[in-house]
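File shown: coords_2.pdb. Contents: PDB, C-alpha atoms, pLDDT in the B column.
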```pdb
ATOM      1  CA  MET A  72      14.151   0.136  -6.955  1.00 59.00           C
ATOM      2  CA  LEU A  73      15.281   0.877  -3.426  1.00 70.00           C
ATOM      3  CA  VAL A  74      12.761   0.105  -0.705  1.00 78.00           C
ATOM      4  CA  ARG A  75      13.698   2.459   2.104  1.00 81.00           C
ATOM      5  CA  ALA A  76      11.119   1.605   4.768  1.00 89.00           C
ATOM      6  CA  LEU A  77       8.008  -0.408   5.461  1.00 91.00           C
ATOM      7  CA  GLU A  78       5.289  -0.748   8.064  1.00 92.00           C
ATOM      8  CA  PRO A  79       5.742  -4.149   9.700  1.00 92.00           C
ATOM      9  CA  LEU A  80       2.426  -5.943  10.117  1.00 92.00           C
ATOM     10  CA  THR A  81       3.513  -9.449  11.120  1.00 94.00           C
ATOM     11  CA  GLY A  82       6.688 -11.087  12.377  1.00 95.00           C
ATOM     12  CA  LEU A  83       7.496  -8.302  14.847  1.00 95.00           C
ATOM     13  CA  ASP A  84       9.057 -10.658  17.411  1.00 94.00           C
ATOM     14  CA  LEU A  85      11.489 -12.043  14.830  1.00 96.00           C
ATOM     15  CA  MET A  86      12.300  -8.537  13.569  1.00 95.00           C
ATOM     16  CA  HIS A  87      13.081  -7.371  17.109  1.00 95.00           C
ATOM     17  CA  GLU A  88      15.268 -10.437  17.605  1.00 95.00           C
ATOM     18  CA  ARG A  89      17.199  -9.737  14.400  1.00 95.00           C
ATOM     19  CA  ARG A  90      17.639  -6.039  15.213  1.00 94.00           C
ATOM     20  CA  GLY A  91      18.580  -6.695  18.845  1.00 90.00           C
ATOM     21  CA  ARG A  92      18.731  -3.869  21.321  1.00 82.00           C
ATOM     22  CA  ALA A  93      18.938  -1.333  18.494  1.00 77.00           C
ATOM     23  CA  SER A  94      15.167  -1.224  18.165  1.00 78.00           C
ATOM     24  CA  ARG A  95      12.970  -0.938  21.189  1.00 85.00           C
ATOM     25  CA  ARG A  96       9.961   0.539  19.349  1.00 90.00           C
ATOM     26  CA  ASP A  97       8.145  -1.052  16.416  1.00 91.00           C
ATOM     27  CA  ILE A  98       8.394   2.163  14.378  1.00 91.00           C
ATOM     28  CA  ASP A  99      12.208   1.968  14.560  1.00 91.00           C
ATOM     29  CA  LEU A 100      12.443  -1.582  13.167  1.00 93.00           C
ATOM     30  CA  THR A 101      12.357  -0.787   9.452  1.00 94.00           C
ATOM     31  CA  ASN A 102      12.649   3.004   8.984  1.00 91.00           C
ATOM     32  CA  GLY A 103      15.724   2.923   6.787  1.00 88.00           C
ATOM     33  CA  PRO A 104      17.166   0.565   4.173  1.00 87.00           C
ATOM     34  CA  GLY A 105      19.797  -0.956   6.474  1.00 90.00           C
ATOM     35  CA  LYS A 106      17.345  -1.437   9.333  1.00 92.00           C
ATOM     36  CA  LEU A 107      14.761  -2.908   6.964  1.00 93.00           C
ATOM     37  CA  CYS A 108      17.232  -5.448   5.564  1.00 93.00           C
ATOM     38  CA  GLN A 109      18.426  -6.460   9.025  1.00 94.00           C
ATOM     39  CA  ALA A 110      14.852  -6.848  10.325  1.00 95.00           C
ATOM     40  CA  LEU A 111      13.822  -8.965   7.317  1.00 93.00           C
ATOM     41  CA  GLY A 112      17.020 -11.030   7.241  1.00 93.00           C
ATOM     42  CA  ILE A 113      18.012  -9.715   3.811  1.00 93.00           C
ATOM     43  CA  ASP A 114      21.732  -9.897   3.081  1.00 93.00           C
ATOM     44  CA  GLY A 115      24.073  -9.787   0.096  1.00 92.00           C
ATOM     45  CA  GLU A 116      23.152 -13.352  -0.875  1.00 93.00           C
ATOM     46  CA  LEU A 117      19.910 -11.947  -2.306  1.00 91.00           C
ATOM     47  CA  ASN A 118      21.618  -9.388  -4.570  1.00 90.00           C
ATOM     48  CA  ARG A 119      20.419  -9.566  -8.165  1.00 91.00           C
ATOM     49  CA  ASN A 120      17.618 -12.031  -7.359  1.00 91.00           C
ATOM     50  CA  PRO A 121      14.282 -11.363  -9.057  1.00 92.00           C
ATOM     51  CA  LEU A 122      11.674  -9.866  -6.736  1.00 87.00           C
ATOM     52  CA  GLN A 123       8.708 -11.788  -8.117  1.00 91.00           C
ATOM     53  CA  LYS A 124       9.762 -15.299  -7.036  1.00 93.00           C
ATOM     54  CA  PRO A 125      11.318 -16.849  -3.903  1.00 94.00           C
ATOM     55  CA  PRO A 126      13.359 -16.448  -1.836  1.00 91.00           C
ATOM     56  CA  LEU A 127      12.265 -12.796  -1.723  1.00 87.00           C
ATOM     57  CA  VAL A 128       8.929 -11.759  -3.202  1.00 90.00           C
ATOM     58  CA  ILE A 129       7.571  -8.216  -3.275  1.00 87.00           C
ATOM     59  CA  ARG A 130       3.875  -8.054  -4.028  1.00 87.00           C
ATOM     60  CA  ARG A 131       1.597  -5.200  -4.951  1.00 86.00           C
ATOM     61  CA  GLY A 132       0.156  -3.576  -1.830  1.00 86.00           C
ATOM     62  CA  ILE A 133      -2.846  -1.397  -1.354  1.00 89.00           C
ATOM     63  CA  GLU A 134      -3.301   1.529  -3.721  1.00 92.00           C
ATOM     64  CA  VAL A 135      -2.179   4.859  -2.233  1.00 92.00           C
ATOM     65  CA  PRO A 136      -3.617   8.061  -3.706  1.00 94.00           C
ATOM     66  CA  ARG A 137      -0.944  10.354  -5.162  1.00 93.00           C
ATOM     67  CA  GLN A 138      -2.096  13.220  -2.923  1.00 93.00           C
ATOM     68  CA  ALA A 139      -1.104  11.080   0.105  1.00 94.00           C
ATOM     69  CA  VAL A 140       2.510  10.814  -1.108  1.00 93.00           C
ATOM     70  CA  THR A 141       5.333  13.261  -0.345  1.00 91.00           C
ATOM     71  CA  VAL A 142       8.488  13.568  -2.443  1.00 91.00           C
ATOM     72  CA  THR A 143      11.857  14.818  -1.127  1.00 88.00           C
ATOM     73  CA  PRO A 144      15.513  14.483  -2.070  1.00 86.00           C
ATOM     74  CA  ARG A 145      17.276  11.408  -0.713  1.00 82.00           C
ATOM     75  CA  ILE A 146      19.050  11.762   2.612  1.00 79.00           C
ATOM     76  CA  GLY A 147      22.784  11.310   3.153  1.00 79.00           C
ATOM     77  CA  ILE A 148      24.054  11.481  -0.434  1.00 81.00           C
ATOM     78  CA  SER A 149      26.241  14.107  -2.065  1.00 81.00           C
ATOM     79  CA  ARG A 150      25.839  13.413  -5.810  1.00 87.00           C
ATOM     80  CA  CYS A 151      22.496  14.483  -7.293  1.00 83.00           C
ATOM     81  CA  ALA A 152      21.424  15.327  -3.739  1.00 79.00           C
ATOM     82  CA  ASP A 153      18.722  17.720  -4.916  1.00 78.00           C
ATOM     83  CA  TRP A 154      16.930  15.168  -7.121  1.00 83.00           C
ATOM     84  CA  PRO A 155      13.445  14.216  -5.885  1.00 82.00           C
ATOM     85  CA  LEU A 156      14.068  10.488  -5.426  1.00 83.00           C
ATOM     86  CA  ARG A 157      12.511   9.780  -2.034  1.00 86.00           C
ATOM     87  CA  TRP A 158       8.774   8.979  -2.153  1.00 88.00           C
ATOM     88  CA  PHE A 159       6.774   8.049   0.929  1.00 90.00           C
ATOM     89  CA  ILE A 160       3.290   8.079   2.419  1.00 92.00           C
ATOM     90  CA  SER A 161       3.079  11.535   3.936  1.00 92.00           C
ATOM     91  CA  ASP A 162       1.846  10.701   7.419  1.00 89.00           C
ATOM     92  CA  SER A 163       3.625   7.367   7.919  1.00 92.00           C
ATOM     93  CA  PRO A 164       5.494   7.110  11.230  1.00 92.00           C
ATOM     94  CA  TYR A 165       7.490   4.204   9.724  1.00 92.00           C
ATOM     95  CA  VAL A 166       9.620   6.455   7.490  1.00 89.00           C
ATOM     96  CA  SER A 167      12.727   8.201   8.796  1.00 85.00           C
ATOM     97  CA  LYS A 168      12.280  11.922   9.345  1.00 84.00           C
ATOM     98  CA  THR A 169      13.079  14.367   6.564  1.00 84.00           C
ATOM     99  CA  PRO A 170      15.757  16.839   7.695  1.00 84.00           C
ATOM    100  CA  PRO A 171      14.629  20.443   8.162  1.00 88.00           C
ATOM    101  CA  GLY A 172      15.373  22.573   5.132  1.00 85.00           C
ATOM    102  CA  PHE A 173      14.849  19.743   2.626  1.00 86.00           C
ATOM    103  CA  SER A 174      12.357  20.511  -0.099  1.00 86.00           C
ATOM    104  CA  ARG A 175       9.043  18.644   0.199  1.00 88.00           C
ATOM    105  CA  PHE A 176       6.240  18.501  -2.301  1.00 86.00           C
ATOM    106  CA  PRO A 177       3.177  16.341  -2.981  1.00 88.00           C
ATOM    107  CA  ALA A 178       3.508  13.654  -5.651  1.00 90.00           C
ATOM    108  CA  ASP A 179       0.384  14.903  -7.416  1.00 83.00           C
ATOM    109  CA  ARG A 180       1.853  18.312  -8.196  1.00 71.00           C
TER     110      ARG A 180
END
```
Mind turning this structure into structure tokens?
Amino acid sequence: MLVRALEPLTGLDLMHERRGRASRRDIDLTNGPGKLCQALGIDGELNRNPLQKPPLVIRRGIEVPRQAVTVTPRIGISRCADWPLRWFISDSPYVSKTPPGFSRFPADR
């Protein structure tokens, strides 16, 4: 699993401190995997750790209806670039923009 973005709800001051001048707006704190890791203080020390126990725990969030999810190819890769591997909540401002010309379709199709 690759978590590519998230909507920060708490800890914004610490996230801004970790990201430095690179992020002036809250929506720019975590809208990409590198930015997300920097904002959350995730580094290579956490590689291969389970995600259901400390030091990093990912818990089930709120249920999102499939019709509210958009699927596109991943951005910035050359191999298997047309595969639909990028899933996100359609109207979320916390996800990086999909380049023009990329295919987009609803997850419930």
- request: With the file shown as input, list the residues that the PyMOL selection byres ((chain A and resi 169) around 10) selects, as a ChimeraX atom specification.
  value: /A:143-146,157,166-168,170-175
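Atom CA of A:Trp158 is positioned 10.5 Å from atom CA of A:Leu73.
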- request: Give me the result of the PyMOL selection byres ((chain A and resi 96-110) around 12) on this file, residue by residue, as a VMD selection string.
  value: chain A and resid 72 to 95 111 to 118 127 145 to 147 157 159 163 to 169
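For the pair atom CA of A:Glu134 and atom CA of A:Asp153, the interatomic distance is 27.4 Å.
Taking atom CA of A:Gln138 and atom CA of A:Arg180 as the two end points, the separation is 8.3 Å.
Here the question is which of A:Arg131, A:Phe176, A:Pro125, A:Ala139 gets nearest to A:Ile160 using all atoms listed in the file, and that residue is A:Ala139.
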Reconstruct stretch 85-110 of chain A at the level of N, CA, C and O atoms, and format the result as a PDB file, in the frame of the given file.
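Saved as out_10.pdb:
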```
ATOM      1  N   LEU A  85      10.283 -11.649  15.557  1.00 96.00           N
ATOM      2  CA  LEU A  85      11.489 -12.043  14.830  1.00 96.00           C
ATOM      3  C   LEU A  85      12.287 -10.816  14.395  1.00 96.00           C
ATOM      4  O   LEU A  85      13.518 -10.807  14.471  1.00 96.00           O
ATOM      5  N   MET A  86      11.601  -9.765  13.965  1.00 95.00           N
ATOM      6  CA  MET A  86      12.300  -8.537  13.569  1.00 95.00           C
ATOM      7  C   MET A  86      13.045  -7.929  14.752  1.00 95.00           C
ATOM      8  O   MET A  86      14.194  -7.506  14.619  1.00 95.00           O
ATOM      9  N   HIS A  87      12.402  -7.892  15.911  1.00 95.00           N
ATOM     10  CA  HIS A  87      13.081  -7.371  17.109  1.00 95.00           C
ATOM     11  C   HIS A  87      14.283  -8.233  17.461  1.00 95.00           C
ATOM     12  O   HIS A  87      15.338  -7.715  17.851  1.00 95.00           O
ATOM     13  N   GLU A  88      14.152  -9.533  17.321  1.00 95.00           N
ATOM     14  CA  GLU A  88      15.268 -10.437  17.605  1.00 95.00           C
ATOM     15  C   GLU A  88      16.436 -10.165  16.657  1.00 95.00           C
ATOM     16  O   GLU A  88      17.593 -10.090  17.084  1.00 95.00           O
ATOM     17  N   ARG A  89      16.139 -10.005  15.390  1.00 95.00           N
ATOM     18  CA  ARG A  89      17.199  -9.737  14.400  1.00 95.00           C
ATOM     19  C   ARG A  89      17.853  -8.387  14.611  1.00 95.00           C
ATOM     20  O   ARG A  89      19.050  -8.232  14.368  1.00 95.00           O
ATOM     21  N   ARG A  90      17.094  -7.379  15.016  1.00 94.00           N
ATOM     22  CA  ARG A  90      17.639  -6.039  15.213  1.00 94.00           C
ATOM     23  C   ARG A  90      18.277  -5.874  16.579  1.00 94.00           C
ATOM     24  O   ARG A  90      19.018  -4.920  16.816  1.00 94.00           O
ATOM     25  N   GLY A  91      17.970  -6.771  17.523  1.00 90.00           N
ATOM     26  CA  GLY A  91      18.580  -6.695  18.845  1.00 90.00           C
ATOM     27  C   GLY A  91      18.149  -5.465  19.615  1.00 90.00           C
ATOM     28  O   GLY A  91      17.065  -4.939  19.433  1.00 90.00           O
ATOM     29  N   ARG A  92      19.036  -5.002  20.442  1.00 82.00           N
ATOM     30  CA  ARG A  92      18.731  -3.869  21.321  1.00 82.00           C
ATOM     31  C   ARG A  92      18.595  -2.561  20.561  1.00 82.00           C
ATOM     32  O   ARG A  92      18.151  -1.564  21.115  1.00 82.00           O
ATOM     33  N   ALA A  93      18.973  -2.564  19.287  1.00 77.00           N
ATOM     34  CA  ALA A  93      18.938  -1.333  18.494  1.00 77.00           C
ATOM     35  C   ALA A  93      17.526  -0.808  18.286  1.00 77.00           C
ATOM     36  O   ALA A  93      17.341   0.364  18.003  1.00 77.00           O
ATOM     37  N   SER A  94      16.535  -1.662  18.432  1.00 78.00           N
ATOM     38  CA  SER A  94      15.167  -1.224  18.165  1.00 78.00           C
ATOM     39  C   SER A  94      14.242  -1.618  19.296  1.00 78.00           C
ATOM     40  O   SER A  94      13.872  -2.762  19.435  1.00 78.00           O
ATOM     41  N   ARG A  95      13.908  -0.678  20.095  1.00 85.00           N
ATOM     42  CA  ARG A  95      12.970  -0.938  21.189  1.00 85.00           C
ATOM     43  C   ARG A  95      11.526  -0.723  20.737  1.00 85.00           C
ATOM     44  O   ARG A  95      10.634  -1.383  21.199  1.00 85.00           O
ATOM     45  N   ARG A  96      11.315   0.214  19.807  1.00 90.00           N
ATOM     46  CA  ARG A  96       9.961   0.539  19.349  1.00 90.00           C
ATOM     47  C   ARG A  96       9.722  -0.057  17.957  1.00 90.00           C
ATOM     48  O   ARG A  96      10.627  -0.085  17.133  1.00 90.00           O
ATOM     49  N   ASP A  97       8.484  -0.472  17.716  1.00 91.00           N
ATOM     50  CA  ASP A  97       8.145  -1.052  16.416  1.00 91.00           C
ATOM     51  C   ASP A  97       8.425  -0.084  15.275  1.00 91.00           C
ATOM     52  O   ASP A  97       8.882  -0.510  14.209  1.00 91.00           O
ATOM     53  N   ILE A  98       8.194   1.205  15.476  1.00 91.00           N
ATOM     54  CA  ILE A  98       8.394   2.163  14.378  1.00 91.00           C
ATOM     55  C   ILE A  98       9.862   2.337  14.008  1.00 91.00           C
ATOM     56  O   ILE A  98      10.175   2.867  12.947  1.00 91.00           O
ATOM     57  N   ASP A  99      10.778   1.867  14.859  1.00 91.00           N
ATOM     58  CA  ASP A  99      12.208   1.968  14.560  1.00 91.00           C
ATOM     59  C   ASP A  99      12.775   0.711  13.911  1.00 91.00           C
ATOM     60  O   ASP A  99      13.957   0.662  13.589  1.00 91.00           O
ATOM     61  N   LEU A 100      11.960  -0.312  13.717  1.00 93.00           N
ATOM     62  CA  LEU A 100      12.443  -1.582  13.167  1.00 93.00           C
ATOM     63  C   LEU A 100      12.895  -1.477  11.717  1.00 93.00           C
ATOM     64  O   LEU A 100      13.891  -2.077  11.325  1.00 93.00           O
ATOM     65  N   THR A 101      12.155  -0.742  10.903  1.00 94.00           N
ATOM     66  CA  THR A 101      12.357  -0.787   9.452  1.00 94.00           C
ATOM     67  C   THR A 101      12.349   0.592   8.808  1.00 94.00           C
ATOM     68  O   THR A 101      12.009   0.730   7.637  1.00 94.00           O
ATOM     69  N   ASN A 102      12.736   1.643   9.529  1.00 91.00           N
ATOM     70  CA  ASN A 102      12.649   3.004   8.984  1.00 91.00           C
ATOM     71  C   ASN A 102      13.953   3.473   8.338  1.00 91.00           C
ATOM     72  O   ASN A 102      14.405   4.577   8.524  1.00 91.00           O
ATOM     73  N   GLY A 103      14.531   2.620   7.567  1.00 88.00           N
ATOM     74  CA  GLY A 103      15.724   2.923   6.787  1.00 88.00           C
ATOM     75  C   GLY A 103      16.153   1.656   6.076  1.00 88.00           C
ATOM     76  O   GLY A 103      15.840   0.555   6.537  1.00 88.00           O
ATOM     77  N   PRO A 104      16.853   1.764   4.943  1.00 87.00           N
ATOM     78  CA  PRO A 104      17.166   0.565   4.173  1.00 87.00           C
ATOM     79  C   PRO A 104      18.009  -0.465   4.926  1.00 87.00           C
ATOM     80  O   PRO A 104      17.765  -1.661   4.816  1.00 87.00           O
ATOM     81  N   GLY A 105      18.980  -0.012   5.710  1.00 90.00           N
ATOM     82  CA  GLY A 105      19.797  -0.956   6.474  1.00 90.00           C
ATOM     83  C   GLY A 105      19.003  -1.651   7.559  1.00 90.00           C
ATOM     84  O   GLY A 105      19.107  -2.870   7.756  1.00 90.00           O
ATOM     85  N   LYS A 106      18.190  -0.881   8.275  1.00 92.00           N
ATOM     86  CA  LYS A 106      17.345  -1.437   9.333  1.00 92.00           C
ATOM     87  C   LYS A 106      16.339  -2.425   8.752  1.00 92.00           C
ATOM     88  O   LYS A 106      16.099  -3.492   9.313  1.00 92.00           O
ATOM     89  N   LEU A 107      15.745  -2.055   7.623  1.00 93.00           N
ATOM     90  CA  LEU A 107      14.761  -2.908   6.964  1.00 93.00           C
ATOM     91  C   LEU A 107      15.390  -4.248   6.584  1.00 93.00           C
ATOM     92  O   LEU A 107      14.830  -5.314   6.862  1.00 93.00           O
ATOM     93  N   CYS A 108      16.563  -4.212   5.969  1.00 93.00           N
ATOM     94  CA  CYS A 108      17.232  -5.448   5.564  1.00 93.00           C
ATOM     95  C   CYS A 108      17.580  -6.313   6.770  1.00 93.00           C
ATOM     96  O   CYS A 108      17.378  -7.530   6.750  1.00 93.00           O
ATOM     97  N   GLN A 109      18.087  -5.701   7.822  1.00 94.00           N
ATOM     98  CA  GLN A 109      18.426  -6.460   9.025  1.00 94.00           C
ATOM     99  C   GLN A 109      17.167  -7.094   9.625  1.00 94.00           C
ATOM    100  O   GLN A 109      17.168  -8.271   9.969  1.00 94.00           O
ATOM    101  N   ALA A 110      16.093  -6.343   9.736  1.00 95.00           N
ATOM    102  CA  ALA A 110      14.852  -6.848  10.325  1.00 95.00           C
ATOM    103  C   ALA A 110      14.261  -7.996   9.512  1.00 95.00           C
ATOM    104  O   ALA A 110      13.697  -8.931  10.070  1.00 95.00           O
TER     105      ALA A 110
END
```
